[in-house]
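entry.cif, holding mmCIF, C-alpha atoms:
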data_model
#
loop_
_atom_site.group_PDB
_atom_site.id
_atom_site.type_symbol
_atom_site.label_atom_id
_atom_site.label_comp_id
_atom_site.auth_asym_id
_atom_site.auth_seq_id
_atom_site.Cartn_x
_atom_site.Cartn_y
_atom_site.Cartn_z
ATOM 1 C CA MET A 652 20.058 -34.388 -20.987
ATOM 2 C CA THR A 653 17.412 -34.457 -18.274
ATOM 3 C CA THR A 654 15.462 -31.732 -16.603
ATOM 4 C CA ARG A 655 13.817 -31.362 -13.239
ATOM 5 C CA ASP A 656 11.563 -28.777 -11.681
ATOM 6 C CA GLY A 657 13.254 -26.228 -9.538
ATOM 7 C CA GLY A 658 14.438 -22.693 -9.339
ATOM 8 C CA GLY A 659 10.923 -21.419 -8.832
ATOM 9 C CA LYS A 660 7.618 -22.002 -10.574
ATOM 10 C CA GLY A 661 7.778 -22.397 -14.301
ATOM 11 C CA ALA A 662 11.536 -22.740 -14.463
ATOM 12 C CA SER A 663 13.324 -25.975 -15.205
ATOM 13 C CA ILE A 664 16.816 -26.915 -14.143
ATOM 14 C CA LEU A 665 18.947 -28.867 -16.602
ATOM 15 C CA ASP A 666 21.594 -31.391 -15.677
ATOM 16 C CA ALA A 667 25.081 -30.051 -16.377
ATOM 17 C CA PRO A 668 27.943 -32.078 -14.855
ATOM 18 C CA GLU A 669 30.455 -29.406 -15.884
ATOM 19 C CA VAL A 670 28.629 -26.932 -13.632
ATOM 20 C CA ASP A 671 28.041 -29.448 -10.822
ATOM 21 C CA ALA A 672 31.812 -29.918 -10.673
ATOM 22 C CA LEU A 673 32.119 -26.310 -9.541
ATOM 23 C CA HIS A 674 30.005 -27.045 -6.403
ATOM 24 C CA LEU A 675 28.115 -23.769 -6.630
ATOM 25 C CA ASP A 676 25.454 -22.922 -4.055
ATOM 26 C CA GLU A 677 21.843 -22.565 -5.264
ATOM 27 C CA ARG A 678 20.618 -19.039 -5.964
ATOM 28 C CA PRO A 679 16.924 -18.005 -5.711
ATOM 29 C CA ASP A 680 14.930 -16.547 -8.607
ATOM 30 C CA GLY A 681 13.971 -13.403 -6.682
ATOM 31 C CA PRO A 682 17.057 -11.261 -7.376
ATOM 32 C CA GLY A 683 16.921 -12.053 -11.093
ATOM 33 C CA ALA A 684 13.195 -11.288 -11.267
ATOM 34 C CA ALA A 685 13.820 -8.011 -9.399
ATOM 35 C CA ALA A 686 16.497 -6.907 -11.894
ATOM 36 C CA MET A 687 14.395 -7.614 -14.979
ATOM 37 C CA THR A 688 11.253 -6.065 -13.488
ATOM 38 C CA ALA A 689 13.180 -2.929 -12.474
ATOM 39 C CA ALA A 690 14.468 -2.530 -16.039
ATOM 40 C CA GLY A 691 10.886 -2.750 -17.323
ATOM 41 C CA ILE A 692 9.726 -0.197 -14.763
ATOM 42 C CA GLY A 693 12.557 2.212 -15.678
ATOM 43 C CA ILE A 694 11.671 2.080 -19.372
ATOM 44 C CA PHE A 695 7.957 2.402 -18.677
ATOM 45 C CA VAL A 696 8.377 5.444 -16.391
ATOM 46 C CA THR A 697 10.609 7.172 -18.949
ATOM 47 C CA GLY A 698 7.985 6.540 -21.641
ATOM 48 C CA LEU A 699 5.151 7.644 -19.378
ATOM 49 C CA PHE A 700 6.801 10.989 -18.607
ATOM 50 C CA THR A 701 7.574 11.436 -22.307
ATOM 51 C CA VAL A 702 3.815 11.367 -22.937
ATOM 52 C CA LEU A 703 2.933 13.441 -19.865
ATOM 53 C CA SER A 704 5.454 16.096 -20.923
ATOM 54 C CA GLU A 705 3.532 16.499 -24.172
ATOM 55 C CA ALA A 706 0.088 16.318 -22.606
ATOM 56 C CA SER A 707 0.586 18.826 -19.798
ATOM 57 C CA VAL A 708 2.365 22.171 -19.899
ATOM 58 C CA PRO A 709 2.907 22.270 -16.091
ATOM 59 C CA ILE A 710 4.468 18.790 -16.159
ATOM 60 C CA HIS A 711 6.576 19.779 -19.179
ATOM 61 C CA ASP A 712 7.831 22.856 -17.321
ATOM 62 C CA TRP A 713 8.460 20.880 -14.114
ATOM 63 C CA LEU A 714 10.464 18.240 -15.993
ATOM 64 C CA GLY A 715 12.448 21.047 -17.602
ATOM 65 C CA SER A 716 13.161 22.594 -14.199
ATOM 66 C CA LEU A 717 15.187 19.475 -13.288
ATOM 67 C CA GLU A 718 17.911 20.333 -15.804
ATOM 68 C CA PHE A 719 20.030 22.263 -13.261
ATOM 69 C CA GLY A 720 20.681 25.070 -15.747
ATOM 70 C CA ARG A 721 22.358 22.781 -18.267
ATOM 71 C CA GLY A 722 19.992 23.472 -21.164
ATOM 72 C CA VAL A 723 18.748 19.899 -21.411
ATOM 73 C CA GLY A 724 15.067 20.839 -21.193
ATOM 74 C CA PRO A 725 12.368 18.355 -20.153
ATOM 75 C CA LEU A 726 14.492 15.388 -21.257
ATOM 76 C CA ALA A 727 16.407 15.946 -18.009
ATOM 77 C CA GLY A 728 13.346 15.293 -15.839
ATOM 78 C CA LYS A 729 12.121 12.353 -17.907
ATOM 79 C CA THR A 730 15.440 10.529 -17.705
ATOM 80 C CA ILE A 731 16.147 11.426 -14.072
ATOM 81 C CA LEU A 732 12.746 10.037 -13.048
ATOM 82 C CA GLY A 733 13.208 6.975 -15.246
ATOM 83 C CA THR A 734 16.616 6.320 -13.707
ATOM 84 C CA LEU A 735 15.376 6.869 -10.153
ATOM 85 C CA SER A 736 12.430 4.530 -10.713
ATOM 86 C CA PHE A 737 14.806 1.891 -12.107
ATOM 87 C CA PHE A 738 17.146 1.950 -9.115
ATOM 88 C CA ALA A 739 14.425 2.504 -6.486
ATOM 89 C CA SER A 740 12.230 -0.337 -7.749
ATOM 90 C CA TRP A 741 15.276 -2.608 -8.016
ATOM 91 C CA LEU A 742 16.228 -1.807 -4.426
ATOM 92 C CA VAL A 743 12.716 -2.415 -3.090
ATOM 93 C CA LEU A 744 12.024 -5.566 -5.115
ATOM 94 C CA GLY A 745 15.541 -6.863 -4.558
ATOM 95 C CA MET A 746 15.150 -6.566 -0.799
ATOM 96 C CA ALA A 747 11.659 -8.082 -0.819
ATOM 97 C CA TRP A 748 12.570 -10.984 -3.127
ATOM 98 C CA ARG A 749 16.176 -11.676 -2.165
ATOM 99 C CA THR A 750 15.464 -15.182 -0.841
ATOM 100 C CA LYS A 751 12.236 -15.934 -2.725
ATOM 101 C CA GLU A 752 11.543 -18.476 -5.433
ATOM 102 C CA LEU A 753 9.156 -16.771 -7.849
ATOM 103 C CA ASP A 754 7.353 -17.577 -11.048
ATOM 104 C CA LEU A 755 10.174 -16.333 -13.225
ATOM 105 C CA ARG A 756 8.198 -16.606 -16.448
ATOM 106 C CA ARG A 757 5.395 -14.476 -15.066
ATOM 107 C CA TRP A 758 7.763 -11.708 -13.969
ATOM 108 C CA PHE A 759 9.645 -11.839 -17.231
ATOM 109 C CA TRP A 760 6.422 -11.304 -19.207
ATOM 110 C CA ILE A 761 5.407 -8.466 -16.881
ATOM 111 C CA ALA A 762 8.825 -6.841 -17.323
ATOM 112 C CA LEU A 763 8.660 -7.332 -21.089
ATOM 113 C CA ALA A 764 5.181 -5.789 -21.248
ATOM 114 C CA LEU A 765 6.331 -2.768 -19.222
ATOM 115 C CA GLY A 766 9.381 -2.355 -21.435
ATOM 116 C CA VAL A 767 7.471 -2.666 -24.705
ATOM 117 C CA VAL A 768 4.742 -0.235 -23.609
ATOM 118 C CA GLY A 769 7.393 2.229 -22.387
ATOM 119 C CA ALA A 770 9.283 1.974 -25.685
ATOM 120 C CA VAL A 771 6.108 2.487 -27.727
ATOM 121 C CA LEU A 772 5.324 5.605 -25.678
ATOM 122 C CA MET A 773 8.716 7.001 -26.757
ATOM 123 C CA ILE A 774 7.921 6.744 -30.480
ATOM 124 C CA PRO A 775 7.385 10.357 -31.656
ATOM 125 C CA PRO A 776 4.050 9.935 -33.480
ATOM 126 C CA VAL A 777 2.703 8.211 -30.356
ATOM 127 C CA PHE A 778 3.707 10.773 -27.728
ATOM 128 C CA GLN A 779 3.160 13.710 -30.088
ATOM 129 C CA ALA A 780 -0.456 12.577 -30.439
ATOM 130 C CA PHE A 781 -0.930 13.699 -26.828
ATOM 131 C CA ALA A 782 0.499 17.183 -27.454
ATOM 132 C CA THR A 783 -1.414 20.202 -26.181
ATOM 133 C CA GLU A 784 -1.415 23.303 -28.356
ATOM 134 C CA MET B 1006 47.417 19.074 -35.951
ATOM 135 C CA PHE B 1007 44.385 16.880 -35.195
ATOM 136 C CA ASP B 1008 42.602 19.881 -33.703
ATOM 137 C CA LEU B 1009 39.164 19.213 -32.259
ATOM 138 C CA SER B 1010 36.954 21.827 -30.668
ATOM 139 C CA ASP B 1011 35.492 21.108 -27.244
ATOM 140 C CA ARG B 1012 32.137 20.331 -28.855
ATOM 141 C CA GLN B 1013 33.655 18.075 -31.501
ATOM 142 C CA PHE B 1014 35.649 16.249 -28.824
ATOM 143 C CA TRP B 1015 32.583 15.420 -26.727
ATOM 144 C CA THR B 1016 30.551 14.471 -29.782
ATOM 145 C CA VAL B 1017 33.305 12.016 -30.715
ATOM 146 C CA VAL B 1018 33.515 10.666 -27.143
ATOM 147 C CA HIS B 1019 29.732 10.199 -26.983
ATOM 148 C CA GLY B 1020 29.100 8.638 -30.370
ATOM 149 C CA LEU B 1021 32.293 7.402 -31.930
ATOM 150 C CA VAL B 1022 34.018 6.094 -28.803
ATOM 151 C CA LEU B 1023 31.426 5.111 -26.168
ATOM 152 C CA GLY B 1024 28.554 4.289 -28.510
ATOM 153 C CA THR B 1025 30.748 2.284 -30.847
ATOM 154 C CA VAL B 1026 32.397 0.365 -27.997
ATOM 155 C CA PHE B 1027 28.963 -0.620 -26.675
ATOM 156 C CA LEU B 1028 27.770 -1.824 -30.053
ATOM 157 C CA LEU B 1029 31.012 -3.717 -30.723
ATOM 158 C CA LEU B 1030 30.946 -5.487 -27.352
ATOM 159 C CA PHE B 1031 27.462 -6.757 -28.128
ATOM 160 C CA GLY B 1032 28.628 -9.449 -30.557
ATOM 161 C CA GLY B 1033 31.001 -10.999 -28.053
ATOM 162 C CA GLY B 1034 28.458 -10.784 -25.253
ATOM 163 C CA LEU B 1035 25.708 -12.423 -27.295
ATOM 164 C CA ALA B 1036 28.004 -15.257 -28.378
ATOM 165 C CA GLY B 1037 29.047 -15.777 -24.757
ATOM 166 C CA LEU B 1038 25.479 -15.863 -23.457
ATOM 167 C CA TRP B 1039 24.344 -18.115 -26.290
ATOM 168 C CA SER B 1040 27.050 -20.678 -25.534
ATOM 169 C CA LEU B 1041 26.086 -21.045 -21.867
ATOM 170 C CA ARG B 1042 24.422 -24.399 -22.558
ATOM 171 C CA PRO B 1043 24.898 -27.833 -21.017
ATOM 172 C CA GLY B 1044 27.604 -29.857 -22.741
ATOM 173 C CA PHE B 1045 29.082 -26.975 -24.710
ATOM 174 C CA LEU B 1046 32.016 -26.270 -22.397
ATOM 175 C CA THR B 1047 34.394 -28.081 -20.042
ATOM 176 C CA THR B 1048 34.419 -27.121 -16.364
ATOM 177 C CA ALA B 1049 37.537 -25.018 -16.982
ATOM 178 C CA GLY B 1050 35.829 -23.464 -19.991
ATOM 179 C CA VAL B 1051 32.763 -22.609 -17.917
ATOM 180 C CA GLN B 1052 34.916 -20.795 -15.367
ATOM 181 C CA GLU B 1053 36.801 -18.852 -18.027
ATOM 182 C CA ARG B 1054 33.654 -17.989 -20.002
ATOM 183 C CA THR B 1055 31.665 -16.766 -17.013
ATOM 184 C CA ARG B 1056 34.585 -14.647 -15.745
ATOM 185 C CA ARG B 1057 34.920 -13.020 -19.177
ATOM 186 C CA LEU B 1058 31.159 -12.501 -19.426
ATOM 187 C CA ARG B 1059 31.006 -10.829 -16.010
ATOM 188 C CA ILE B 1060 33.721 -8.350 -16.992
ATOM 189 C CA GLY B 1061 32.238 -7.762 -20.434
ATOM 190 C CA MET B 1062 28.688 -7.219 -19.193
ATOM 191 C CA TRP B 1063 29.687 -4.732 -16.502
ATOM 192 C CA ALA B 1064 31.852 -2.950 -19.079
ATOM 193 C CA MET B 1065 28.856 -2.736 -21.396
ATOM 194 C CA ALA B 1066 26.619 -1.420 -18.637
ATOM 195 C CA ALA B 1067 29.173 1.235 -17.659
ATOM 196 C CA THR B 1068 29.628 2.193 -21.309
ATOM 197 C CA ALA B 1069 25.860 2.486 -21.809
ATOM 198 C CA TRP B 1070 25.534 4.813 -18.812
ATOM 199 C CA ALA B 1071 28.488 6.921 -19.944
ATOM 200 C CA THR B 1072 27.027 7.157 -23.465
ATOM 201 C CA VAL B 1073 23.582 8.396 -22.426
ATOM 202 C CA ILE B 1074 24.920 10.729 -19.718
ATOM 203 C CA THR B 1075 27.430 12.425 -22.030
ATOM 204 C CA GLY B 1076 24.821 12.526 -24.788
ATOM 205 C CA THR B 1077 22.049 14.026 -22.679
ATOM 206 C CA TRP B 1078 23.988 16.344 -20.379
ATOM 207 C CA ILE B 1079 26.915 17.473 -22.556
ATOM 208 C CA VAL B 1080 26.159 17.105 -26.280
ATOM 209 C CA TYR B 1081 22.362 17.505 -26.405
ATOM 210 C CA PRO B 1082 22.275 21.077 -24.963
ATOM 211 C CA TRP B 1083 24.519 22.215 -27.832
ATOM 212 C CA TYR B 1084 22.218 20.509 -30.317
ATOM 213 C CA ARG B 1085 19.037 22.137 -28.996
ATOM 214 C CA GLU B 1086 20.164 25.732 -28.354
ATOM 215 C CA ALA B 1087 17.667 28.271 -29.712
ATOM 216 C CA LEU B 1088 20.122 30.530 -31.574
ATOM 217 C CA ALA B 1089 18.205 31.517 -34.692
ATOM 218 C CA VAL B 1090 15.210 33.332 -33.232
ATOM 219 C CA GLN B 1091 14.860 37.025 -34.127
ATOM 220 C CA GLY B 1092 11.554 38.710 -33.329
ATOM 221 C CA ASP B 1093 8.698 36.584 -34.599
ATOM 222 C CA ASP B 1094 10.901 34.485 -36.862
ATOM 223 C CA ASP B 1095 12.135 31.401 -34.988
ATOM 224 C CA TYR B 1096 14.666 30.555 -37.679
ATOM 225 C CA ALA B 1097 15.888 33.928 -38.957
ATOM 226 C CA GLY B 1098 19.483 33.074 -38.046
ATOM 227 C CA CYS B 1099 19.386 30.081 -40.369
ATOM 228 C CA ALA B 1100 18.633 32.069 -43.534
ATOM 229 C CA GLY B 1101 20.896 30.996 -46.373
ATOM 230 C CA VAL B 1102 23.053 28.557 -44.383
ATOM 231 C CA VAL B 1103 23.934 25.066 -45.602
ATOM 232 C CA LEU B 1104 25.103 23.743 -42.233
ATOM 233 C CA PRO B 1105 24.550 24.765 -38.580
ATOM 234 C CA THR B 1106 26.427 27.924 -37.600
ATOM 235 C CA GLY B 1107 26.885 30.155 -34.581
ATOM 236 C CA THR B 1108 23.443 31.651 -35.274
ATOM 237 C CA CYS B 1109 21.708 28.414 -36.220
ATOM 238 C CA SER B 1110 21.968 25.372 -33.928
ATOM 239 C CA PRO B 1111 21.560 21.859 -35.345
ATOM 240 C CA ARG B 1112 17.931 21.761 -34.154
ATOM 241 C CA ASP B 1113 17.247 25.207 -35.602
ATOM 242 C CA PHE B 1114 18.854 24.101 -38.851
ATOM 243 C CA LEU B 1115 16.828 20.895 -39.163
ATOM 244 C CA LYS B 1116 13.503 22.474 -38.211
ATOM 245 C CA SER B 1117 13.981 25.493 -40.488
ATOM 246 C CA ASN B 1118 14.135 23.334 -43.654
ATOM 247 C CA VAL B 1119 16.587 25.844 -45.162
ATOM 248 C CA SER B 1120 18.620 23.061 -46.742
ATOM 249 C CA GLY B 1121 15.969 20.622 -47.916
ATOM 250 C CA ASP B 1122 13.162 18.799 -46.159
ATOM 251 C CA THR B 1123 15.069 18.148 -42.910
ATOM 252 C CA GLU B 1124 12.442 18.697 -40.222
ATOM 253 C CA SER B 1125 11.669 14.984 -39.808
ATOM 254 C CA TRP B 1126 15.268 14.304 -38.810
ATOM 255 C CA HIS B 1127 14.508 16.276 -35.662
ATOM 256 C CA ASN B 1128 10.816 15.518 -35.185
ATOM 257 C CA PHE B 1129 11.247 11.773 -35.548
ATOM 258 C CA GLY B 1130 14.960 10.930 -35.504
ATOM 259 C CA MET B 1131 16.218 13.045 -32.628
ATOM 260 C CA GLU B 1132 13.001 12.830 -30.628
ATOM 261 C CA PHE B 1133 13.068 9.016 -30.805
ATOM 262 C CA LYS B 1134 16.810 8.689 -30.199
ATOM 263 C CA GLU B 1135 17.003 10.943 -27.168
ATOM 264 C CA HIS B 1136 14.370 8.885 -25.326
ATOM 265 C CA ILE B 1137 14.801 5.277 -26.431
ATOM 266 C CA ALA B 1138 18.571 5.291 -25.880
ATOM 267 C CA TRP B 1139 17.949 5.405 -22.118
ATOM 268 C CA ALA B 1140 16.506 1.883 -22.259
ATOM 269 C CA ALA B 1141 20.008 0.598 -23.035
ATOM 270 C CA PRO B 1142 21.639 1.274 -19.624
ATOM 271 C CA PHE B 1143 18.613 -0.029 -17.706
ATOM 272 C CA LEU B 1144 18.629 -3.303 -19.631
ATOM 273 C CA ALA B 1145 22.413 -3.652 -19.784
ATOM 274 C CA THR B 1146 22.727 -3.117 -16.020
ATOM 275 C CA ALA B 1147 20.035 -5.714 -15.282
ATOM 276 C CA VAL B 1148 21.787 -8.170 -17.610
ATOM 277 C CA ALA B 1149 25.169 -7.494 -15.979
ATOM 278 C CA PHE B 1150 23.688 -8.164 -12.548
ATOM 279 C CA ILE B 1151 22.037 -11.427 -13.630
ATOM 280 C CA VAL B 1152 25.246 -12.665 -15.256
ATOM 281 C CA ALA B 1153 27.296 -11.669 -12.199
ATOM 282 C CA TYR B 1154 24.821 -13.113 -9.668
ATOM 283 C CA TYR B 1155 23.991 -16.410 -11.359
ATOM 284 C CA GLY B 1156 27.206 -16.925 -13.348
ATOM 285 C CA ALA B 1157 27.620 -20.540 -14.463
ATOM 286 C CA ARG B 1158 24.218 -21.408 -12.975
ATOM 287 C CA LEU B 1159 22.692 -19.873 -16.122
ATOM 288 C CA ILE B 1160 23.827 -23.012 -17.958
ATOM 289 C CA LYS B 1161 21.363 -25.055 -15.901
ATOM 290 C CA ARG B 1162 18.568 -22.471 -16.119
ATOM 291 C CA PRO B 1163 17.537 -22.120 -19.764
ATOM 292 C CA TRP B 1164 14.578 -19.876 -19.093
ATOM 293 C CA LEU B 1165 16.586 -17.317 -17.148
ATOM 294 C CA ARG B 1166 19.316 -17.443 -19.795
ATOM 295 C CA ALA B 1167 16.746 -16.868 -22.555
ATOM 296 C CA ALA B 1168 15.214 -13.944 -20.639
ATOM 297 C CA THR B 1169 18.692 -12.485 -20.204
ATOM 298 C CA ILE B 1170 19.378 -12.780 -23.927
ATOM 299 C CA VAL B 1171 16.079 -11.018 -24.730
ATOM 300 C CA MET B 1172 17.034 -8.109 -22.439
ATOM 301 C CA PHE B 1173 20.541 -8.025 -23.886
ATOM 302 C CA VAL B 1174 19.194 -7.831 -27.450
ATOM 303 C CA GLY B 1175 16.776 -5.110 -26.275
ATOM 304 C CA ALA B 1176 19.685 -3.078 -24.911
ATOM 305 C CA PHE B 1177 21.473 -3.437 -28.228
ATOM 306 C CA ALA B 1178 18.372 -2.443 -30.205
ATOM 307 C CA ALA B 1179 17.905 0.713 -28.118
ATOM 308 C CA ALA B 1180 21.573 1.644 -28.544
ATOM 309 C CA ALA B 1181 21.485 0.833 -32.252
ATOM 310 C CA ILE B 1182 18.516 3.160 -32.821
ATOM 311 C CA GLY B 1183 20.415 5.890 -30.980
ATOM 312 C CA GLY B 1184 23.572 5.190 -32.966
ATOM 313 C CA PHE B 1185 21.782 5.052 -36.300
ATOM 314 C CA PHE B 1186 20.022 8.386 -35.908
ATOM 315 C CA GLY B 1187 23.031 9.926 -34.167
ATOM 316 C CA ALA B 1188 25.287 9.129 -37.107
ATOM 317 C CA PHE B 1189 22.855 10.594 -39.646
ATOM 318 C CA LEU B 1190 22.047 13.658 -37.538
ATOM 319 C CA ASN B 1191 25.738 14.416 -37.075
ATOM 320 C CA LYS B 1192 26.219 14.134 -40.830
ATOM 321 C CA ILE B 1193 23.283 16.335 -41.794
ATOM 322 C CA ALA B 1194 23.462 18.834 -38.931
ATOM 323 C CA PRO B 1195 26.815 18.541 -37.140
ATOM 324 C CA ILE B 1196 27.407 20.209 -33.797
ATOM 325 C CA VAL B 1197 29.866 23.061 -34.379
#
For this file, write the structure as structure tokens.
Amino acid sequence: MTTRDGGGKGASILDAPEVDALHLDERPDGPGAAAMTAAGIGIFVTGLFTVLSEASVPIHDWLGSLEFGRGVGPLAGKTILGTLSFFASWLVLGMAWRTKELDLRRWFWIALALGVVGAVLMIPPVFQAFATE
Amino acid sequence: MFDLSDRQFWTVVHGLVLGTVFLLLFGGGLAGLWSLRPGFLTTAGVQERTRRLRIGMWAMAATAWATVITGTWIVYPWYREALAVQGDDDYAGCAGVVLPTGTCSPRDFLKSNVSGDTESWHNFGMEFKEHIAWAAPFLATAVAFIVAYYGARLIKRPWLRAATIVMFVGAFAAAAIGGFFGAFLNKIAPIV
């Protein structure tokens, strides 16, 4: 098995005759990097608003006002904003990177860092530490 | 025969049907992604495997969205109703009960500690579950797109395949946390 550089910085392409036989066109790294970065952003924004909801009464009340009378409370606003940031960032990055070869490893680590920080911010003892009385 | 209340029906749809389907599909999806390696499959096998993975990954993404939407917008409001408050006592309606009732919602019941030391099931379990579960649809949708867009090319791109597997496992972990706490919460303080 041999490898060669390609598919963007930091990514190697392996030889695979069984795939070559399918005569597939090459695809750039950009769309993949956009998808993984958007997922990281969505998780981070949800975690960020989880903390802000605890830290600020006005933000807590505003997030709760996005429940459309369903009784969901501030969770409605946190998840709506997280979802919007996921799709909006994916749309923007996807358009900007649709033909680009990027450093896939770099964007994966950035996405992973965003996701991990967002997840940590959703752990109750963490976000409850920011609670206002 | 086989009567279910409206609330029981949606709790079953959210947790037992959608949540379980997502978690069960994970094993097949992980095995499929793992086997996308040079030399593991024939050309015909690559075509069949990638077609099955595309369908499976989009099914998982759709299931993850349906799970969190039904959980947050249908089931969760029943869980968090403030039914027990009377005057200055937030949990007066829970006095003497052993399970949630029409005057004591599951959250009231857990926070009141009327049936043991149950407050942490809400303060940690539910608070963690209701947030972290939303990571699952974000990650599962990104994975579904990457599998659909790159398809068999993932075999030649080990780094992208590895990144996809990490996101896929992350989606499972988020859903598993939600499922774990959901199962216990529904046992200790069922929605009635």
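Here, the PyMOL selection byres ((chain A) within 6 of (chain B)) matches Ile664, Leu665, Ala667, Glu669, Gly683, Ala686, Met687, Ala690, Ile694, Gly722, Val723, Ile774 and Pro775 of chain A.
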- Using the chain letters and numbers from the file, which residues does the PyMOL selection byres ((chain A and resi 781) around 8) grab, as an MDAnalysis selection string? chainID A and resid 702:703 705:706 777:780 782:783
- Please evaluate the PyMOL selection byres ((chain B and resi 1024) around 9) against the displayed coordinates and give the resulting residues as number ranges by chain. B: 1018-1023, 1025-1029, 1068-1069, 1071-1073, 1180-1181, 1183-1184
Residues just named, written with C-alpha atoms as a short mmCIF file (atom, residue, chain, number, x, y, z; two decimals), keeping the file's coordinate frame:
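Final output, part-v7.cif:
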data_model
loop_
_atom_site.label_atom_id
_atom_site.label_comp_id
_atom_site.auth_asym_id
_atom_site.auth_seq_id
_atom_site.Cartn_x
_atom_site.Cartn_y
_atom_site.Cartn_z
CA VAL B 1018 33.52 10.67 -27.14
CA HIS B 1019 29.73 10.20 -26.98
CA GLY B 1020 29.10 8.64 -30.37
CA LEU B 1021 32.29 7.40 -31.93
CA VAL B 1022 34.02 6.09 -28.80
CA LEU B 1023 31.43 5.11 -26.17
CA THR B 1025 30.75 2.28 -30.85
CA VAL B 1026 32.40 0.36 -28.00
CA PHE B 1027 28.96 -0.62 -26.68
CA LEU B 1028 27.77 -1.82 -30.05
CA LEU B 1029 31.01 -3.72 -30.72
CA THR B 1068 29.63 2.19 -21.31
CA ALA B 1069 25.86 2.49 -21.81
CA ALA B 1071 28.49 6.92 -19.94
CA THR B 1072 27.03 7.16 -23.46
CA VAL B 1073 23.58 8.40 -22.43
CA ALA B 1180 21.57 1.64 -28.54
CA ALA B 1181 21.48 0.83 -32.25
CA GLY B 1183 20.42 5.89 -30.98
CA GLY B 1184 23.57 5.19 -32.97
#
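Atom to atom, CA of Arg1166 (chain B) and CA of Met773 (chain A) stand 27.5 Å apart.
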Could you give me, as a PDB file with C-alpha atoms, keeping the file's coordinate frame, the residues within 6 Å of region 738-749 of chain A, counting only C-alpha atoms and dropping anything in the same chain fewer than 4 positions from it?
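Final output, saved to out.pdb:
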ATOM      1  CA  GLY A 681      13.971 -13.403  -6.682  1.00  0.00           C
ATOM      2  CA  PRO A 682      17.057 -11.261  -7.376  1.00  0.00           C
ATOM      3  CA  ALA A 685      13.820  -8.011  -9.399  1.00  0.00           C
ATOM      4  CA  ALA A 686      16.497  -6.907 -11.894  1.00  0.00           C
ATOM      5  CA  ALA A 689      13.180  -2.929 -12.474  1.00  0.00           C
TER       6      ALA A 689
END
- Taking (15.0, 22.8, -36.2) in the file's coordinates as the center, which residues reach within 10 Å of it, counting all atoms listed in the file, put as a count of residues only? 26
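Note that CA of Asp754 (chain A) and CA of Asp680 (chain A) are 8.0 Å apart.
A straight line drawn from CA of Thr730 (chain A) to CA of Arg1059 (chain B) is 26.5 Å long.
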